[in-house]
>>> print(open('query_25.tsv').read())   # TSV, C-alpha atoms
chain	number	residue	atom	x	y	z
A	1	MET	CA	119.67	68.60	74.68
A	2	ASN	CA	120.78	70.06	77.99
A	3	PRO	CA	118.15	71.93	80.09
A	4	PRO	CA	118.53	75.73	80.14
A	5	ARG	CA	120.90	76.92	82.81
A	6	ARG	CA	119.34	78.95	85.61
A	7	GLY	CA	120.74	82.25	86.81
A	8	THR	CA	122.56	82.85	90.08
A	9	PRO	CA	120.74	83.80	93.30
A	10	ASP	CA	120.55	87.52	94.05
A	11	PHE	CA	123.89	88.21	95.72
A	12	LEU	CA	122.85	91.29	97.72
A	13	LEU	CA	119.80	89.53	99.17
A	14	LEU	CA	121.88	86.46	100.07
A	15	PHE	CA	124.60	88.63	101.62
A	16	LEU	CA	122.13	90.64	103.71
A	17	THR	CA	120.52	87.41	104.93
A	18	PHE	CA	123.95	86.17	105.99
A	19	VAL	CA	124.68	89.46	107.80
A	20	LEU	CA	121.36	89.41	109.68
A	21	VAL	CA	121.76	85.76	110.73
A	22	CYS	CA	125.34	86.29	111.98
A	23	PHE	CA	124.36	89.44	113.85
A	24	GLY	CA	121.41	87.58	115.35
A	25	LEU	CA	123.65	84.78	116.61
A	26	ALA	CA	126.00	87.32	118.21
A	27	MET	CA	123.10	89.10	119.92
A	28	VAL	CA	121.55	85.85	121.17
A	29	PHE	CA	124.91	84.97	122.73
A	30	SER	CA	125.22	88.39	124.34
A	31	ALA	CA	121.61	88.64	125.52
A	32	SER	CA	121.38	85.10	126.91
A	33	SER	CA	124.68	85.01	128.79
A	34	MET	CA	123.09	85.23	132.24
A	35	THR	CA	120.04	83.15	131.32
A	36	ASP	CA	122.28	80.38	130.00
A	37	ALA	CA	124.08	80.19	133.34
A	38	TYR	CA	120.79	79.10	134.90
A	39	PHE	CA	120.87	75.98	132.69
A	40	GLY	CA	124.47	75.26	133.62
A	41	ASP	CA	125.71	76.00	130.10
A	42	THR	CA	126.79	79.49	129.05
A	43	TRP	CA	126.09	78.55	125.41
A	44	TYR	CA	122.66	76.94	125.98
A	45	PHE	CA	120.47	79.22	123.83
A	46	THR	CA	123.28	79.98	121.39
A	47	LYS	CA	123.74	76.26	120.69
A	48	LYS	CA	120.01	75.83	120.12
A	49	GLN	CA	120.04	78.81	117.76
A	50	LEU	CA	123.06	77.44	115.91
A	51	ILE	CA	121.23	74.15	115.35
A	52	ALA	CA	118.21	76.06	114.01
A	53	VAL	CA	120.47	78.11	111.73
A	54	GLY	CA	122.14	74.94	110.47
A	55	MET	CA	118.83	73.20	109.71
A	56	GLY	CA	117.36	76.36	108.22
A	57	SER	CA	120.44	76.91	106.04
A	58	ILE	CA	120.14	73.38	104.66
A	59	GLY	CA	116.47	74.09	103.90
A	60	MET	CA	117.42	77.39	102.26
A	61	LEU	CA	120.05	75.76	100.04
A	62	ILE	CA	117.61	73.04	98.98
A	63	CYS	CA	114.80	75.50	98.21
A	64	MET	CA	117.21	77.85	96.44
A	65	ASN	CA	118.15	75.09	93.99
A	66	ILE	CA	114.59	73.96	93.25
A	67	HIS	CA	112.62	75.85	90.64
A	68	TYR	CA	110.07	77.83	92.63
A	69	THR	CA	107.16	76.75	90.40
A	70	LYS	CA	107.57	73.18	91.69
A	71	PHE	CA	106.47	74.35	95.14
A	72	LYS	CA	102.98	74.84	93.70
A	73	LYS	CA	102.44	71.09	93.75
A	74	LEU	CA	103.47	70.89	97.41
A	75	VAL	CA	101.36	73.79	98.69
A	76	ILE	CA	98.04	71.91	99.14
A	77	PRO	CA	99.45	68.89	101.07
A	78	ALA	CA	101.62	71.25	103.15
A	79	PHE	CA	98.55	73.36	103.93
A	80	PHE	CA	96.59	70.37	105.22
A	81	LEU	CA	99.57	69.22	107.34
A	82	VAL	CA	99.82	72.67	108.89
A	83	VAL	CA	96.07	72.75	109.63
A	84	VAL	CA	96.28	69.36	111.35
A	85	ALA	CA	99.30	70.54	113.36
A	86	LEU	CA	97.44	73.72	114.41
A	87	ILE	CA	94.41	71.71	115.53
A	88	PHE	CA	96.36	69.22	117.65
A	89	VAL	CA	98.70	71.81	119.20
A	90	ILE	CA	95.68	73.37	120.94
A	91	PHE	CA	95.42	70.24	123.10
A	92	THR	CA	99.06	70.29	124.22
A	93	SER	CA	100.07	71.60	127.64
A	94	ALA	CA	100.20	75.38	127.85
A	95	THR	CA	103.57	77.13	128.03
A	96	LYS	CA	103.61	80.76	129.23
A	97	GLY	CA	99.82	80.85	128.88
A	98	ALA	CA	99.64	79.55	125.30
A	99	SER	CA	99.46	76.09	123.70
A	100	SER	CA	101.70	76.86	120.73
A	101	TRP	CA	104.53	74.33	120.82
A	102	TYR	CA	105.20	70.66	120.25
A	103	THR	CA	108.00	69.73	122.64
A	104	LEU	CA	110.73	67.37	121.44
A	105	GLY	CA	113.22	67.03	124.28
A	106	ARG	CA	114.94	70.40	124.66
A	107	PHE	CA	113.50	71.67	121.42
A	108	GLY	CA	110.08	73.00	120.52
A	109	ILE	CA	108.31	73.25	117.15
A	110	GLN	CA	105.84	76.07	116.66
A	111	PRO	CA	103.45	75.20	113.79
A	112	THR	CA	102.18	78.79	113.61
A	113	GLU	CA	105.52	79.91	112.17
A	114	PHE	CA	105.18	77.39	109.34
A	115	ALA	CA	101.51	78.31	108.87
A	116	LYS	CA	102.36	81.91	107.97
A	117	LEU	CA	104.59	80.85	105.07
A	118	ILE	CA	102.31	78.05	103.86
A	119	VAL	CA	99.17	80.22	103.85
A	120	VAL	CA	100.96	82.94	101.87
A	121	MET	CA	102.06	80.38	99.28
A	122	TYR	CA	98.61	78.75	99.25
A	123	LEU	CA	97.00	82.11	98.47
A	124	ALA	CA	99.63	82.86	95.81
A	125	SER	CA	98.90	79.50	94.17
A	126	MET	CA	95.12	80.01	94.39
A	127	ILE	CA	95.23	83.50	92.90
A	128	SER	CA	97.64	82.59	90.10
A	129	ASN	CA	95.50	79.56	89.14
A	130	LYS	CA	92.25	81.55	89.09
A	131	ASP	CA	93.78	84.48	87.17
A	132	GLU	CA	90.91	86.77	86.06
A	133	LYS	CA	88.33	84.61	87.87
A	134	PHE	CA	89.82	85.87	91.13
A	135	ARG	CA	88.01	89.19	90.57
A	136	ASN	CA	84.74	87.32	91.02
A	137	PHE	CA	83.64	87.53	94.67
A	138	LYS	CA	82.27	83.99	95.06
A	139	LYS	CA	85.11	82.34	93.15
A	140	GLY	CA	87.87	84.69	94.21
A	141	LEU	CA	87.82	86.65	97.45
A	142	LEU	CA	85.34	84.54	99.42
A	143	PRO	CA	87.33	81.24	99.27
A	144	ALA	CA	90.50	83.14	100.19
A	145	LEU	CA	88.81	84.77	103.18
A	146	ILE	CA	87.45	81.40	104.36
A	147	VAL	CA	90.93	79.86	104.26
A	148	VAL	CA	92.59	82.78	106.05
A	149	GLY	CA	89.77	83.14	108.58
A	150	PHE	CA	89.87	79.44	109.47
A	151	VAL	CA	93.64	79.41	110.03
A	152	CYS	CA	93.46	82.65	112.03
A	153	PHE	CA	90.73	81.08	114.18
A	154	LEU	CA	92.98	78.08	114.93
A	155	ILE	CA	95.85	80.39	115.87
A	156	MET	CA	93.63	82.44	118.17
A	157	MET	CA	92.59	79.24	119.94
A	158	GLN	CA	96.16	78.88	121.25
A	159	PRO	CA	95.89	81.97	121.77
A	160	ASP	CA	98.51	83.91	119.74
A	161	LEU	CA	97.27	87.38	118.83
A	162	GLY	CA	100.55	88.62	117.33
A	163	SER	CA	100.92	85.75	114.85
A	164	CYS	CA	97.24	86.02	113.93
A	165	MET	CA	97.68	89.71	113.09
A	166	ILE	CA	100.78	88.99	111.00
A	167	LEU	CA	99.06	86.21	109.06
A	168	PHE	CA	95.97	88.27	108.34
A	169	VAL	CA	97.88	91.38	107.22
A	170	CYS	CA	100.19	89.31	104.97
A	171	SER	CA	97.17	87.53	103.47
A	172	ALA	CA	95.30	90.80	102.93
A	173	ILE	CA	98.22	92.36	101.06
A	174	VAL	CA	98.75	89.24	98.92
A	175	ILE	CA	95.03	89.33	98.02
A	176	MET	CA	95.17	93.04	97.16
A	177	VAL	CA	98.36	92.73	95.11
A	178	GLY	CA	96.80	89.69	93.41
A	179	GLY	CA	94.25	91.93	91.72
A	180	SER	CA	91.15	91.72	93.88
A	181	ASN	CA	88.24	93.94	92.89
A	182	LEU	CA	88.27	97.36	94.60
A	183	LYS	CA	84.81	96.71	96.06
A	184	HIS	CA	86.06	93.41	97.36
A	185	ILE	CA	89.08	95.14	98.91
A	186	PHE	CA	86.70	97.41	100.80
A	187	LEU	CA	84.85	94.31	101.96
A	188	LEU	CA	88.18	92.80	102.98
A	189	GLY	CA	88.95	95.87	105.08
A	190	THR	CA	85.57	95.68	106.76
A	191	SER	CA	85.99	91.96	107.38
A	192	PHE	CA	89.47	92.51	108.80
A	193	THR	CA	88.16	95.11	111.24
A	194	ALA	CA	85.36	92.80	112.36
A	195	LEU	CA	87.60	89.75	112.64
A	196	ALA	CA	90.27	91.74	114.46
A	197	ALA	CA	87.70	92.97	116.97
A	198	ILE	CA	86.39	89.43	117.50
A	199	GLY	CA	89.90	88.02	117.70
A	200	VAL	CA	91.08	90.58	120.25
A	201	SER	CA	87.92	90.02	122.30
A	202	LEU	CA	88.44	86.25	122.32
A	203	PHE	CA	92.09	86.74	123.23
A	204	LEU	CA	91.23	89.03	126.13
A	205	LEU	CA	88.31	86.96	127.43
A	206	SER	CA	89.87	83.51	127.17
A	207	GLY	CA	91.18	81.84	130.31
A	208	GLY	CA	90.40	82.56	133.94
A	209	ALA	CA	89.84	85.91	135.65
A	210	GLU	CA	93.55	86.36	136.40
A	211	SER	CA	94.48	85.59	132.80
A	212	LYS	CA	91.87	88.05	131.48
A	213	ASN	CA	93.15	90.88	133.70
A	214	TYR	CA	96.74	90.17	132.67
A	215	ARG	CA	95.95	90.27	128.95
A	216	ILE	CA	93.87	93.44	129.19
A	217	SER	CA	96.60	95.17	131.18
A	218	ARG	CA	99.21	94.00	128.66
A	219	ILE	CA	97.27	95.60	125.81
A	220	THR	CA	96.66	98.89	127.64
A	221	SER	CA	99.92	99.24	129.62
A	222	PHE	CA	101.93	100.52	126.63
A	223	MET	CA	100.09	103.88	126.86
A	224	ASP	CA	101.63	104.55	130.29
A	225	PRO	CA	103.92	101.71	131.38
A	226	PHE	CA	105.24	103.75	134.34
A	227	ALA	CA	101.76	103.73	135.89
A	228	ASP	CA	102.47	100.13	136.96
A	229	PRO	CA	106.25	99.66	136.63
A	230	GLN	CA	106.31	96.52	138.78
A	231	GLY	CA	103.28	94.91	137.14
A	232	ALA	CA	101.78	95.24	133.66
A	233	GLY	CA	104.30	97.88	132.55
A	234	HIS	CA	107.38	96.09	133.90
A	235	GLN	CA	108.64	94.69	130.57
A	236	VAL	CA	108.26	97.96	128.64
A	237	VAL	CA	109.76	100.00	131.50
A	238	GLN	CA	112.85	97.77	131.63
A	239	SER	CA	113.10	97.92	127.85
A	240	LEU	CA	113.02	101.74	127.90
A	241	PHE	CA	115.69	101.73	130.62
A	242	ALA	CA	117.84	99.65	128.27
A	243	PHE	CA	117.50	102.21	125.48
A	244	GLY	CA	118.20	105.00	127.96
A	245	HIS	CA	121.36	103.31	129.20
A	246	GLY	CA	122.53	102.76	125.63
A	247	GLY	CA	122.27	106.44	124.78
A	248	LEU	CA	123.77	107.55	121.48
A	249	THR	CA	126.68	105.14	121.06
A	250	GLY	CA	125.77	102.25	123.39
A	251	ALA	CA	127.46	100.52	126.32
A	252	GLY	CA	129.40	98.16	124.04
A	253	PHE	CA	128.86	94.60	122.90
A	254	GLY	CA	128.25	92.31	125.86
A	255	GLN	CA	128.24	95.24	128.31
A	256	GLY	CA	124.47	95.60	128.69
A	257	ILE	CA	123.04	95.65	132.21
A	258	GLN	CA	119.31	95.09	131.62
A	259	LYS	CA	119.87	91.51	130.42
A	260	LEU	CA	121.15	90.66	133.92
A	261	HIS	CA	117.71	89.41	134.98
A	262	TYR	CA	116.12	92.87	134.76
A	263	LEU	CA	114.74	92.61	131.23
A	264	PRO	CA	112.58	89.50	130.65
A	265	GLU	CA	113.19	87.51	127.44
A	266	ALA	CA	116.21	89.64	126.56
A	267	HIS	CA	117.35	87.02	124.04
A	268	ASN	CA	113.91	86.60	122.48
A	269	ASP	CA	111.05	89.12	122.34
A	270	PHE	CA	113.16	91.99	123.75
A	271	ILE	CA	116.40	91.43	121.87
A	272	PHE	CA	116.03	94.79	120.11
A	273	ALA	CA	116.23	96.46	123.54
A	274	THR	CA	119.56	94.67	124.05
A	275	ILE	CA	120.71	95.99	120.67
A	276	GLY	CA	119.69	99.50	121.73
A	277	GLU	CA	121.55	99.23	125.03
A	278	GLU	CA	124.77	97.77	123.67
A	279	PHE	CA	124.98	99.67	120.35
A	280	GLY	CA	122.99	102.80	121.19
A	281	PHE	CA	120.82	104.92	118.95
A	282	ILE	CA	123.40	104.88	116.15
A	283	GLY	CA	123.72	101.09	116.16
A	284	SER	CA	119.95	100.58	116.34
A	285	THR	CA	119.45	102.96	113.42
A	286	LEU	CA	122.09	101.17	111.35
A	287	PHE	CA	120.43	97.83	112.09
A	288	ILE	CA	117.02	99.15	111.00
A	289	LEU	CA	118.62	100.63	107.87
A	290	VAL	CA	120.13	97.24	106.94
A	291	PHE	CA	116.77	95.58	107.54
A	292	VAL	CA	114.99	98.16	105.36
A	293	ILE	CA	117.49	97.57	102.53
A	294	PHE	CA	116.90	93.83	102.96
A	295	ILE	CA	113.12	94.31	102.65
A	296	TRP	CA	113.53	96.63	99.65
A	297	ARG	CA	115.76	94.15	97.85
A	298	GLY	CA	113.38	91.29	98.56
A	299	ILE	CA	110.39	93.20	97.19
A	300	LEU	CA	112.41	94.15	94.12
A	301	VAL	CA	113.19	90.46	93.52
A	302	ALA	CA	109.51	89.61	93.97
A	303	VAL	CA	108.14	92.17	91.50
A	304	ARG	CA	110.68	91.03	88.90
A	305	SER	CA	109.29	87.49	89.01
A	306	PRO	CA	108.15	86.28	85.57
A	307	ASP	CA	104.80	84.99	86.86
A	308	MET	CA	102.05	85.78	89.35
A	309	PHE	CA	102.83	82.90	91.72
A	310	GLY	CA	106.45	83.96	92.21
A	311	MET	CA	105.56	87.63	92.58
A	312	LEU	CA	102.82	87.05	95.18
A	313	THR	CA	104.91	84.53	97.13
A	314	GLY	CA	107.86	86.95	97.26
A	315	VAL	CA	105.72	89.92	98.27
A	316	GLY	CA	103.98	87.85	100.95
A	317	ILE	CA	107.31	86.69	102.41
A	318	MET	CA	108.74	90.20	102.61
A	319	VAL	CA	105.52	91.61	104.10
A	320	MET	CA	105.71	88.84	106.70
A	321	PHE	CA	109.26	89.89	107.66
A	322	SER	CA	108.57	93.63	107.65
A	323	PHE	CA	105.28	93.53	109.57
A	324	GLN	CA	106.70	91.10	112.13
A	325	ALA	CA	109.71	93.38	112.66
A	326	PHE	CA	107.38	96.37	113.01
A	327	ILE	CA	105.30	94.62	115.69
A	328	ASN	CA	108.39	93.48	117.59
A	329	ILE	CA	110.21	96.83	117.52
A	330	GLY	CA	106.99	98.75	118.13
A	331	GLY	CA	106.19	96.67	121.21
A	332	VAL	CA	109.71	96.87	122.62
A	333	THR	CA	109.85	100.67	122.23
A	334	GLY	CA	106.36	101.14	123.72
A	335	THR	CA	104.91	102.43	120.46
A	336	ILE	CA	102.28	99.69	120.19
A	337	PRO	CA	101.02	97.00	122.62
A	338	LEU	CA	103.26	94.00	123.28
A	339	THR	CA	102.20	90.86	121.43
A	340	GLY	CA	105.21	88.60	121.91
A	341	VAL	CA	106.51	88.01	118.39
A	342	THR	CA	110.14	87.45	117.45
A	343	LEU	CA	112.40	89.79	115.49
A	344	PRO	CA	113.14	87.88	112.24
A	345	PHE	CA	116.68	86.44	111.98
A	346	ILE	CA	117.65	88.08	115.30
A	347	SER	CA	115.56	86.71	118.18
A	348	ALA	CA	116.17	83.27	119.65
A	349	GLY	CA	113.59	80.85	118.29
A	350	GLY	CA	114.20	77.69	116.31
A	351	SER	CA	110.95	77.54	114.35
A	352	SER	CA	111.10	81.24	113.44
A	353	MET	CA	114.70	80.97	112.25
A	354	MET	CA	114.11	77.82	110.19
A	355	VAL	CA	111.00	79.25	108.50
A	356	SER	CA	112.79	82.55	107.83
A	357	LEU	CA	115.71	80.82	106.11
A	358	ILE	CA	113.46	78.46	104.13
A	359	SER	CA	111.44	81.50	103.02
A	360	MET	CA	114.64	83.14	101.83
A	361	GLY	CA	115.54	79.98	99.91
A	362	ILE	CA	112.24	80.23	98.02
A	363	LEU	CA	112.78	83.94	97.34
A	364	LEU	CA	116.35	83.32	96.16
A	365	SER	CA	114.99	80.64	93.83
A	366	ILE	CA	112.65	83.28	92.38
A	367	SER	CA	115.59	85.68	91.96
A	368	ARG	CA	117.44	83.14	89.80
A	369	GLU	CA	114.91	83.55	86.99
A	370	HIS	CA	115.60	87.27	86.72
A	371	THR	CA	119.39	86.90	86.76
A	372	HIS	CA	119.09	84.15	84.14
A	373	LYS	CA	117.27	86.54	81.80
A	374	GLU	CA	119.81	89.30	82.41
A	375	ALA	CA	122.82	87.04	81.80
A	376	PRO	CA	124.44	87.67	78.41
A	377	PRO	CA	124.41	84.75	76.01
A	378	THR	CA	127.63	82.73	75.94
A	379	LYS	CA	129.61	82.91	72.73
A	380	LYS	CA	130.31	79.70	70.92
A	381	ARG	CA	133.84	78.90	70.11
A	382	PRO	CA	134.65	79.01	66.39
>>> encode(input="query_25.tsv", output="structure tokens")
Amino acid sequence: MNPPRRGTPDFLLLFLTFVLVCFGLAMVFSASSMTDAYFGDTWYFTKKQLIAVGMGSIGMLICMNIHYTKFKKLVIPAFFLVVVALIFVIFTSATKGASSWYTLGRFGIQPTEFAKLIVVMYLASMISNKDEKFRNFKKGLLPALIVVGFVCFLIMMQPDLGSCMILFVCSAIVIMVGGSNLKHIFLLGTSFTALAAIGVSLFLLSGGAESKNYRISRITSFMDPFADPQGAGHQVVQSLFAFGHGGLTGAGFGQGIQKLHYLPEAHNDFIFATIGEEFGFIGSTLFILVFVIFIWRGILVAVRSPDMFGMLTGVGIMVMFSFQAFINIGGVTGTIPLTGVTLPFISAGGSSMMVSLISMGILLSISREHTHKEAPPTKKRP
């Protein structure tokens, strides 16, 4: 007897992923044109991003063709591997003030990016296995908080405040959607506030006096970046100049000025400012609209999952994308403090791109169960 045939991956979600990745590659090429010249190769960052897209696409295709329930068996060993990687990365040499990367030649691996996905799936597996027992504080919420708190602590040791915030918010929403007791949710909110205060304090106070002053000014400078346009507010000021130059319709693809060594990390953390300058307010709005549709479709796929594990994993993945995009765009536009996180599928960053595409492979695997149920039964030939 042949095994039942699975449905097809959600076409709209796959198409939107393809659109975002292609647009991201184009923007990395445009934003890094002057930076690449410094390395003697005008395609330096674009080539690195293409390699990440290739590896991530292979991972997405593999995950898309594996039944998502089989990932449950891999979650625990993957979680321990990630924890070990987070512990040892702390002792590596610091890059840009943080020990967050394992360097392999020209490439770097950032275990924090993998940790966000693995922790979400670990929580989804834990909650789905406990079922109604998850509403019990000692057997439900407390173990989940210990796991999340421990991983967040390791990330803050690097330190990486932005990734820590993303991980905790994603975990909190997965726990709430998983059916935690309302009293426990209140406790979760209180714990989050306390842990966030402790985490921010550790982040600000770690390092030497110069490092402390820099981090404090980075957190507070977003309120008035023009008060210190050559110092703490420099990045936000240059970003706002980019949006101002773009105006309503933009300067045109590749015609941005701020990326010419005025705007730091134009191909990475500040790539949305490059989008705003080259495509203007209209182009930026269209990009955000596409991203919102992408998030909506992903959540729709998640809630249609036939079981708790698939639903929580899908919701966690889409919250990870949406909250990370909010932090990136908010920081670049001066709405919230800068934390240095990438814009999913758009910013240059190998680990972020690979994890994003692998996450989409898992979500597309979940979508195949719904399309299988919707597919009409095939008629037998007489």
>>> atom_distance(input="query_25.tsv", atom1="atom CA of Ser57 of chain A", atom2="atom CA of Leu25 of chain A")
13.6 Å
>>> atom_distance(input="query_25.tsv", atom1="atom CA of Ser352 of chain A", atom2="atom CA of Leu117 of chain A")
10.6 Å
>>> closest_residue(input="query_25.tsv", among="A:Gly178, A:Met55, A:Pro344, A:Trp101", to="Lys133 of chain A", atoms="only C-alpha atoms")
A:Gly178
>>> residues_around(input="query_25.tsv", residues="segment 15-21 of chain A", least_positions_apart="4", cutoff="9 Å", atoms="all atoms listed in the file", output="list in words")
Asp10, Phe11, Leu25, Ala26, Val53, Phe287, Val290, Phe291, Ile293, Phe294, Pro344, Phe345, Ile346, Met353, Leu357 and Met360 of chain A
>>> residues_around(input="query_25.tsv", residues="segment 170-174 of chain A", least_positions_apart="6", cutoff="6 Å", atoms="only C-alpha atoms", output="list in words")
Leu312, Gly316, Val319 and Met320 of chain A
>>> atom_distance(input="query_25.tsv", atom1="atom CA of Ser100 of chain A", atom2="atom CA of Leu86 of chain A")
8.2 Å
>>> closest_residue(input="query_25.tsv", among="A:Ile366, A:Val28, A:Ala242, A:Leu142", to="Lys47 of chain A", atoms="all atoms listed in the file")
A:Val28
>>> residues_around(input="query_25.tsv", residues="Leu263 of chain A", least_positions_apart="4", cutoff="8 Å", atoms="all atoms listed in the file", output="number ranges by chain")
A: 235, 238-239, 258-259, 270
>>> residues_near_point(input="query_25.tsv", point="(102.7, 87.9, 115.4)", cutoff="6 Å", atoms="all atoms listed in the file", output="list in words")
Gly162, Ser163, Cys164, Met165, Ile166 and Val341 of chain A
>>> write_last_selection(input="query_25.tsv", atoms="C-alpha atoms", output="mmCIF file, in the frame of the given file")
data_model
loop_
_atom_site.group_PDB
_atom_site.id
_atom_site.type_symbol
_atom_site.label_atom_id
_atom_site.label_comp_id
_atom_site.auth_asym_id
_atom_site.auth_seq_id
_atom_site.Cartn_x
_atom_site.Cartn_y
_atom_site.Cartn_z
ATOM 1 C CA GLY A 162 100.550 88.620 117.330
ATOM 2 C CA SER A 163 100.920 85.750 114.850
ATOM 3 C CA CYS A 164 97.240 86.020 113.930
ATOM 4 C CA MET A 165 97.680 89.710 113.090
ATOM 5 C CA ILE A 166 100.780 88.990 111.000
ATOM 6 C CA VAL A 341 106.510 88.010 118.390
#
>>> closest_residue(input="query_25.tsv", among="A:Ile275, A:Ile327, A:Leu343, A:Ala266", to="Gly247 of chain A", atoms="all atoms listed in the file")
A:Ile275
>>> closest_residue(input="query_25.tsv", among="A:Asn328, A:Thr190, A:Ser359, A:Ser367", to="Ala115 of chain A", atoms="all atoms listed in the file")
A:Ser359
>>> residues_near_point(input="query_25.tsv", point="(105.1, 88.9, 96.6)", cutoff="9 Å", atoms="only C-alpha atoms", output="list in words")
Val120, Ala124, Ile173, Val174, Val177, Gly178, Gly298, Ile299, Val301, Ala302, Val303, Ser305, Met308, Phe309, Gly310, Met311, Leu312, Thr313, Gly314, Val315, Gly316, Ile317, Met318 and Val319 of chain A
>>> residues_around(input="query_25.tsv", residues="Ile109 of chain A", least_positions_apart="5", cutoff="8 Å", atoms="only C-alpha atoms", output="PyMOL selection string")
chain A and resi 101-104+350-351
>>> residues_around(input="query_25.tsv", residues="Met64 of chain A", least_positions_apart="4", cutoff="12 Å", atoms="all atoms listed in the file", output="compact mmCIF listing (two decimals) with C-alpha atoms, keeping the file's coordinate frame")
# COMPACT_ATOMS: atom_id res chain seq x y z
CA ARG A 6 119.34 78.95 85.61
CA GLY A 7 120.74 82.25 86.81
CA THR A 8 122.56 82.85 90.08
CA PRO A 9 120.74 83.80 93.30
CA ASP A 10 120.55 87.52 94.05
CA LEU A 14 121.88 86.46 100.07
CA GLY A 56 117.36 76.36 108.22
CA SER A 57 120.44 76.91 106.04
CA ILE A 58 120.14 73.38 104.66
CA GLY A 59 116.47 74.09 103.90
CA MET A 60 117.42 77.39 102.26
CA TYR A 68 110.07 77.83 92.63
CA THR A 69 107.16 76.75 90.40
CA LYS A 70 107.57 73.18 91.69
CA PHE A 71 106.47 74.35 95.14
CA LEU A 357 115.71 80.82 106.11
CA ILE A 358 113.46 78.46 104.13
CA SER A 359 111.44 81.50 103.02
CA MET A 360 114.64 83.14 101.83
CA GLY A 361 115.54 79.98 99.91
CA ILE A 362 112.24 80.23 98.02
CA LEU A 363 112.78 83.94 97.34
CA LEU A 364 116.35 83.32 96.16
CA SER A 365 114.99 80.64 93.83
CA ILE A 366 112.65 83.28 92.38
CA SER A 367 115.59 85.68 91.96
CA ARG A 368 117.44 83.14 89.80
CA GLU A 369 114.91 83.55 86.99
>>> closest_residue(input="query_25.tsv", among="A:Ile90, A:Val355, A:Ala273, A:Ile175", to="Gly330 of chain A", atoms="only C-alpha atoms")
A:Ala273
>>> closest_residue(input="query_25.tsv", among="A:Leu141, A:Leu12, A:Met156, A:Ile62", to="Lys183 of chain A", atoms="all atoms listed in the file")
A:Leu141
